[in-house]
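> Below you'll find entry-v4.csv; it's CSV, N, CA and C atoms.
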chain,number,residue,atom,x,y,z
A,248,MET,N,-4.2,10.8,15.3
A,248,MET,CA,-3.5,12.1,15.5
A,248,MET,C,-2.5,12.3,14.3
A,249,LEU,N,-2.3,13.5,14.0
A,249,LEU,CA,-1.4,13.8,12.9
A,249,LEU,C,0.0,14.0,13.5
A,250,VAL,N,1.0,13.4,12.9
A,250,VAL,CA,2.3,13.4,13.4
A,250,VAL,C,3.2,13.8,12.2
A,251,LEU,N,4.1,14.8,12.5
A,251,LEU,CA,5.0,15.2,11.5
A,251,LEU,C,6.4,14.6,11.8
A,252,ILE,N,6.9,13.8,10.8
A,252,ILE,CA,8.2,13.2,11.0
A,252,ILE,C,9.2,13.8,10.1
A,253,THR,N,10.3,14.3,10.6
A,253,THR,CA,11.4,14.9,9.8
A,253,THR,C,12.7,14.3,10.2
A,254,TYR,N,13.6,14.2,9.2
A,254,TYR,CA,14.9,13.6,9.5
A,254,TYR,C,15.9,14.2,8.6
A,255,ASP,N,17.2,14.1,9.1
A,255,ASP,CA,18.3,14.6,8.4
A,255,ASP,C,19.4,13.5,8.6
A,256,VAL,N,19.7,12.8,7.5
A,256,VAL,CA,20.6,11.7,7.5
A,256,VAL,C,21.9,12.2,6.8
A,257,ASN,N,23.0,12.0,7.5
A,257,ASN,CA,24.3,12.3,7.0
A,257,ASN,C,24.6,11.4,5.8
A,258,THR,N,24.8,12.0,4.6
A,258,THR,CA,25.0,11.1,3.4
A,258,THR,C,26.4,11.3,2.8
A,259,GLU,N,27.4,11.6,3.7
A,259,GLU,CA,28.8,11.8,3.2
A,259,GLU,C,29.4,10.5,2.7
A,260,ASN,N,28.9,9.4,3.1
A,260,ASN,CA,29.4,8.1,2.7
A,260,ASN,C,28.3,7.1,2.2
A,261,ALA,N,28.7,6.0,1.7
A,261,ALA,CA,27.7,5.0,1.2
A,261,ALA,C,26.8,4.5,2.2
A,262,ALA,N,27.3,4.3,3.4
A,262,ALA,CA,26.4,3.8,4.5
A,262,ALA,C,25.3,4.9,4.9
A,263,GLY,N,25.7,6.1,4.8
A,263,GLY,CA,24.7,7.2,5.1
A,263,GLY,C,23.6,7.2,4.0
A,264,ARG,N,24.0,7.1,2.7
A,264,ARG,CA,23.1,7.1,1.6
A,264,ARG,C,22.1,5.9,1.8
A,265,ARG,N,22.6,4.7,2.2
A,265,ARG,CA,21.8,3.6,2.4
A,265,ARG,C,20.8,3.8,3.6
A,266,ARG,N,21.3,4.4,4.7
A,266,ARG,CA,20.4,4.8,5.8
A,266,ARG,C,19.3,5.7,5.3
A,267,LEU,N,19.6,6.7,4.5
A,267,LEU,CA,18.7,7.7,4.0
A,267,LEU,C,17.5,7.0,3.2
A,268,ARG,N,17.9,6.1,2.3
A,268,ARG,CA,16.9,5.3,1.6
A,268,ARG,C,16.0,4.5,2.5
A,269,LYS,N,16.6,3.8,3.4
A,269,LYS,CA,15.8,3.0,4.4
A,269,LYS,C,14.9,3.8,5.2
A,270,VAL,N,15.3,4.9,5.7
A,270,VAL,CA,14.5,5.8,6.5
A,270,VAL,C,13.3,6.3,5.7
A,271,ALA,N,13.6,6.7,4.5
A,271,ALA,CA,12.5,7.3,3.6
A,271,ALA,C,11.5,6.2,3.3
A,272,LYS,N,12.0,5.0,2.9
A,272,LYS,CA,11.1,3.8,2.6
A,272,LYS,C,10.2,3.5,3.8
A,273,GLU,N,10.8,3.6,5.0
A,273,GLU,CA,10.0,3.3,6.2
A,273,GLU,C,8.9,4.3,6.4
A,274,CYS,N,9.3,5.6,6.2
A,274,CYS,CA,8.3,6.7,6.4
A,274,CYS,C,7.1,6.6,5.4
A,275,VAL,N,7.5,6.2,4.2
A,275,VAL,CA,6.4,6.1,3.1
A,275,VAL,C,5.4,5.0,3.6
A,276,ASN,N,5.7,4.1,4.4
A,276,ASN,CA,4.8,3.0,4.8
A,276,ASN,C,3.7,3.6,5.8
A,277,TYR,N,4.0,4.8,6.3
A,277,TYR,CA,3.1,5.3,7.4
A,277,TYR,C,2.5,6.6,7.1
A,278,GLY,N,2.9,7.3,6.0
A,278,GLY,CA,2.4,8.6,5.8
A,278,GLY,C,2.7,9.1,4.4
A,279,GLN,N,2.4,10.4,4.2
A,279,GLN,CA,2.6,11.1,3.0
A,279,GLN,C,3.8,12.0,3.0
A,280,ARG,N,4.6,11.9,2.0
A,280,ARG,CA,5.8,12.8,1.9
A,280,ARG,C,5.3,14.2,1.5
A,281,VAL,N,5.6,15.2,2.3
A,281,VAL,CA,5.2,16.6,1.9
A,281,VAL,C,6.4,17.4,1.5
A,282,GLN,N,7.6,17.0,1.9
A,282,GLN,CA,8.8,17.6,1.4
A,282,GLN,C,9.9,16.5,1.4
A,283,ASN,N,11.1,16.8,1.0
A,283,ASN,CA,12.0,15.7,0.8
A,283,ASN,C,12.2,14.9,2.0
A,284,SER,N,12.4,15.4,3.2
A,284,SER,CA,12.6,14.6,4.4
A,284,SER,C,11.6,14.9,5.4
A,285,VAL,N,10.4,15.2,5.0
A,285,VAL,CA,9.3,15.5,5.9
A,285,VAL,C,8.0,14.7,5.5
A,286,PHE,N,7.4,14.0,6.5
A,286,PHE,CA,6.3,13.2,6.2
A,286,PHE,C,5.2,13.6,7.2
A,287,GLU,N,3.9,13.6,6.7
A,287,GLU,CA,2.7,13.8,7.6
A,287,GLU,C,2.1,12.4,7.7
A,288,CYS,N,1.9,12.0,8.9
A,288,CYS,CA,1.4,10.6,9.2
A,288,CYS,C,0.2,10.7,10.2
A,289,ASN,N,-0.8,9.9,9.8
A,289,ASN,CA,-2.0,9.8,10.8
A,289,ASN,C,-1.7,8.5,11.5
A,290,LEU,N,-1.4,8.6,12.8
A,290,LEU,CA,-1.0,7.4,13.6
A,290,LEU,C,-1.7,7.5,14.9
A,291,ASP,N,-2.0,6.3,15.5
A,291,ASP,CA,-2.4,6.2,16.9
A,291,ASP,C,-1.2,6.1,17.7
A,292,ALA,N,-1.3,6.1,19.0
A,292,ALA,CA,-0.2,6.1,19.9
A,292,ALA,C,0.7,4.8,19.7
A,293,ALA,N,0.1,3.7,19.5
A,293,ALA,CA,0.8,2.4,19.4
A,293,ALA,C,1.7,2.5,18.1
A,294,LYS,N,1.0,2.9,17.0
A,294,LYS,CA,1.8,3.0,15.7
A,294,LYS,C,2.9,4.0,15.8
A,295,LEU,N,2.7,5.1,16.5
A,295,LEU,CA,3.7,6.1,16.6
A,295,LEU,C,4.9,5.5,17.3
A,296,GLU,N,4.7,4.7,18.4
A,296,GLU,CA,5.8,4.1,19.1
A,296,GLU,C,6.5,3.1,18.2
A,297,LEU,N,5.8,2.4,17.4
A,297,LEU,CA,6.4,1.4,16.5
A,297,LEU,C,7.2,2.1,15.4
A,298,VAL,N,6.7,3.1,14.8
A,298,VAL,CA,7.5,3.9,13.8
A,298,VAL,C,8.8,4.5,14.4
A,299,LYS,N,8.6,5.1,15.6
A,299,LYS,CA,9.8,5.7,16.3
A,299,LYS,C,10.8,4.6,16.5
A,300,HIS,N,10.4,3.4,17.0
A,300,HIS,CA,11.4,2.3,17.3
A,300,HIS,C,12.1,1.9,16.0
A,301,LYS,N,11.3,1.7,14.9
A,301,LYS,CA,11.9,1.3,13.6
A,301,LYS,C,12.9,2.3,13.1
A,302,LEU,N,12.5,3.6,13.2
A,302,LEU,CA,13.4,4.6,12.7
A,302,LEU,C,14.7,4.8,13.5
A,303,GLU,N,14.5,4.6,14.8
A,303,GLU,CA,15.7,4.7,15.7
A,303,GLU,C,16.7,3.6,15.4
A,304,LYS,N,16.2,2.4,15.0
A,304,LYS,CA,17.1,1.3,14.7
A,304,LYS,C,17.8,1.5,13.3
A,305,LEU,N,17.2,2.3,12.4
A,305,LEU,CA,17.8,2.5,11.1
A,305,LEU,C,18.8,3.7,11.2
A,306,MET,N,18.7,4.6,12.1
A,306,MET,CA,19.5,5.8,12.1
A,306,MET,C,20.8,5.6,12.9
A,307,ASP,N,21.7,6.4,12.6
A,307,ASP,CA,23.0,6.5,13.4
A,307,ASP,C,22.9,7.8,14.3
A,308,PRO,N,22.6,7.6,15.6
A,308,PRO,CA,22.4,8.8,16.5
A,308,PRO,C,23.6,9.7,16.6
A,309,GLU,N,24.8,9.2,16.2
A,309,GLU,CA,26.0,10.1,16.2
A,309,GLU,C,26.1,11.0,15.0
A,310,ARG,N,25.3,10.6,13.9
A,310,ARG,CA,25.5,11.3,12.6
A,310,ARG,C,24.2,11.9,12.1
A,311,ASP,N,23.0,11.3,12.5
A,311,ASP,CA,21.7,11.6,11.9
A,311,ASP,C,20.8,12.3,13.0
A,312,SER,N,19.7,12.9,12.5
A,312,SER,CA,18.8,13.5,13.4
A,312,SER,C,17.4,13.1,13.0
A,313,LEU,N,16.5,12.9,14.0
A,313,LEU,CA,15.1,12.5,13.8
A,313,LEU,C,14.3,13.4,14.7
A,314,ARG,N,13.3,14.1,14.1
A,314,ARG,CA,12.4,14.9,14.9
A,314,ARG,C,11.0,14.5,14.6
A,315,ILE,N,10.2,14.4,15.7
A,315,ILE,CA,8.8,14.0,15.5
A,315,ILE,C,7.9,15.0,16.3
A,316,TYR,N,7.0,15.5,15.5
A,316,TYR,CA,6.1,16.6,16.1
A,316,TYR,C,4.7,16.0,16.1
A,317,ASN,N,4.1,15.9,17.3
A,317,ASN,CA,2.7,15.4,17.5
A,317,ASN,C,1.8,16.6,17.4
A,318,LEU,N,1.0,16.7,16.3
A,318,LEU,CA,0.1,17.8,16.1
A,318,LEU,C,-1.3,17.5,16.7
A,319,GLY,N,-1.5,16.2,17.1
A,319,GLY,CA,-2.8,15.8,17.7
A,319,GLY,C,-3.9,15.6,16.7
A,320,ASN,N,-5.1,15.6,17.3
A,320,ASN,CA,-6.3,15.3,16.5
A,320,ASN,C,-6.9,16.6,15.9
A,321,ASN,N,-6.7,17.7,16.5
A,321,ASN,CA,-7.2,19.0,16.1
A,321,ASN,C,-6.1,19.8,15.4
A,322,TYR,N,-5.6,19.3,14.3
A,322,TYR,CA,-4.4,19.9,13.7
A,322,TYR,C,-4.8,20.8,12.5
A,323,SER,N,-6.0,20.8,12.0
A,323,SER,CA,-6.3,21.6,10.8
A,323,SER,C,-5.9,23.0,10.9
A,324,GLY,N,-6.1,23.7,12.0
A,324,GLY,CA,-5.8,25.1,12.2
A,324,GLY,C,-4.3,25.3,12.5
A,325,LYS,N,-3.6,24.3,12.6
A,325,LYS,CA,-2.1,24.4,13.0
A,325,LYS,C,-1.2,24.3,11.7
A,326,ILE,N,-1.9,24.1,10.6
A,326,ILE,CA,-1.1,23.9,9.3
A,326,ILE,C,-1.4,25.0,8.4
A,327,CYS,N,-0.3,25.7,7.9
A,327,CYS,CA,-0.5,26.7,6.9
A,327,CYS,C,0.4,26.3,5.7
A,328,HIS,N,-0.2,26.1,4.5
A,328,HIS,CA,0.6,25.7,3.4
A,328,HIS,C,0.7,26.9,2.4
A,329,ILE,N,1.9,27.2,1.9
A,329,ILE,CA,2.1,28.2,0.9
A,329,ILE,C,3.0,27.7,-0.1
A,330,GLY,N,2.7,27.8,-1.4
A,330,GLY,CA,3.6,27.3,-2.4
A,330,GLY,C,3.0,26.4,-3.4
A,331,VAL,N,3.9,25.8,-4.2
A,331,VAL,CA,3.5,25.0,-5.3
A,331,VAL,C,2.9,23.6,-5.1
A,332,LYS,N,3.4,22.9,-4.1
A,332,LYS,CA,2.9,21.6,-3.8
A,332,LYS,C,1.5,21.7,-3.2
A,333,GLU,N,0.6,21.1,-3.9
A,333,GLU,CA,-0.8,21.1,-3.4
A,333,GLU,C,-0.9,20.3,-2.1
A,334,SER,N,-1.6,20.9,-1.2
A,334,SER,CA,-1.9,20.2,0.1
A,334,SER,C,-2.8,19.1,-0.1
A,335,TYR,N,-3.0,18.2,0.9
A,335,TYR,CA,-3.9,17.1,0.8
A,335,TYR,C,-4.6,16.9,2.1
A,336,ASP,N,-5.7,16.2,2.1
A,336,ASP,CA,-6.4,15.9,3.3
A,336,ASP,C,-5.9,14.7,4.0
A,337,ALA,N,-5.2,14.8,5.1
A,337,ALA,CA,-4.6,13.7,5.8
A,337,ALA,C,-5.6,12.7,6.3
A,338,GLU,N,-6.9,13.0,6.4
A,338,GLU,CA,-7.9,12.1,6.8
A,338,GLU,C,-8.5,11.3,5.7
A,339,ASP,N,-8.2,11.7,4.4
A,339,ASP,CA,-8.8,11.1,3.2
A,339,ASP,C,-8.0,9.8,2.9
A,340,VAL,N,-8.5,9.0,2.0
A,340,VAL,CA,-8.0,7.8,1.6
A,340,VAL,C,-6.7,8.0,0.8
A,341,LEU,N,-5.6,7.3,1.2
A,341,LEU,CA,-4.4,7.3,0.4
A,341,LEU,C,-4.3,6.2,-0.6
A,342,MET,N,-4.1,6.5,-1.8
A,342,MET,CA,-4.0,5.5,-2.9
A,342,MET,C,-2.5,5.3,-3.1
A,343,ILE,N,-2.1,4.0,-3.0
A,343,ILE,CA,-0.7,3.7,-3.2
A,343,ILE,C,-0.5,2.8,-4.5
Is it possible to express this structure as structure tokens?


Amino acid sequence: MLVLITYDVNTENAAGRRRLRKVAKECVNYGQRVQNSVFECNLDAAKLELVKHKLEKLMDPERDSLRIYNLGNNYSGKICHIGVKESYDAEDVLMI
């Protein structure tokens, strides 16, 4: 299923900037960055829970925000892309 992970980490201090880097690095392990703090990830239910747990541990719930949108398996009609960044096929092979 396609999952959209978005986050907003407060970077007013050094600890916030460290959290931001850690959250971004964790998200890169599971999906494709489509905007600065937005990742599209193909995950099964178990991996989704794992990612959610890892991100919750990295974030400060008093200062940061995490939003996860489950677009499901039939997501192709739910995505509209307009603009300069070329879209990609989430089902295709990711080269890292």

> Any chance you could list, as a PyMOL selection string, the residues in chain A that come up alpha helix (DSSP H) when DSSP is run on the backbone?

chain A and resi 261-275+292-305

> Using Å and a single decimal, report how far atom CA of A:Met248 sits from atom CA of A:Tyr322.

8.1 Å

> So how many Å separate atom C of A:Tyr316 and atom C of A:Val256, to one decimal?

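Spanning atom C of A:Tyr316 to atom C of A:Val256 is a straight-line distance of 19.9 Å.
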
> Rank nothing, just name the residue among A:Leu249, A:Cys288, A:Ile329, A:Leu318 nearest to A:Cys274, using all atoms listed in the file.

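The closest residue to A:Cys274 is A:Cys288.
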
> Pick the closest to A:Leu251 from A:Val270, A:Leu295, A:Val331, A:Ile315: which is it, counting all atoms listed in the file?

A:Ile315

> Separation of atom C of A:Leu305 and atom C of A:Arg265, in Å?

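Atom C of A:Arg265 lies at a distance of 7.9 Å from atom C of A:Leu305.
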
> Just asking: which residues within stretch 255-341 of chain A are strand (DSSP E) according to DSSP, as a PyMOL selection string?

chain A and resi 255+278-282+285-289+312-319

> Pick from A:Leu313, A:Lys304, A:Gly278, A:Glu259: nearest to A:Leu290, with only N, CA and C atoms counted?

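Once distances to A:Leu290 are computed over only N, CA and C atoms, the minimum belongs to A:Gly278.
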
> Calculated over all atoms listed in the file, which of the candidates A:Gly330, A:Val250, A:Asp255, A:Val298 has the smallest distance to A:Ser312?

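Using all atoms listed in the file, A:Ser312 sits closest to A:Asp255.
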
> Write out as an mmCIF file with N, CA and C atoms, keeping the file's coordinate frame each polymer residue whose atoms come within 6 Å of A:Ile252, counting only C-alpha atoms; drop sequence neighbours fewer than 4 positions from it.


data_model
loop_
_atom_site.group_PDB
_atom_site.id
_atom_site.type_symbol
_atom_site.label_atom_id
_atom_site.label_comp_id
_atom_site.auth_asym_id
_atom_site.auth_seq_id
_atom_site.Cartn_x
_atom_site.Cartn_y
_atom_site.Cartn_z
ATOM 1 N N VAL A 285 10.400 15.200 5.000
ATOM 2 C CA VAL A 285 9.300 15.500 5.900
ATOM 3 C C VAL A 285 8.000 14.700 5.500
ATOM 4 N N PHE A 286 7.400 14.000 6.500
ATOM 5 C CA PHE A 286 6.300 13.200 6.200
ATOM 6 C C PHE A 286 5.200 13.600 7.200
ATOM 7 N N ARG A 314 13.300 14.100 14.100
ATOM 8 C CA ARG A 314 12.400 14.900 14.900
ATOM 9 C C ARG A 314 11.000 14.500 14.600
ATOM 10 N N ILE A 315 10.200 14.400 15.700
ATOM 11 C CA ILE A 315 8.800 14.000 15.500
ATOM 12 C C ILE A 315 7.900 15.000 16.300
#
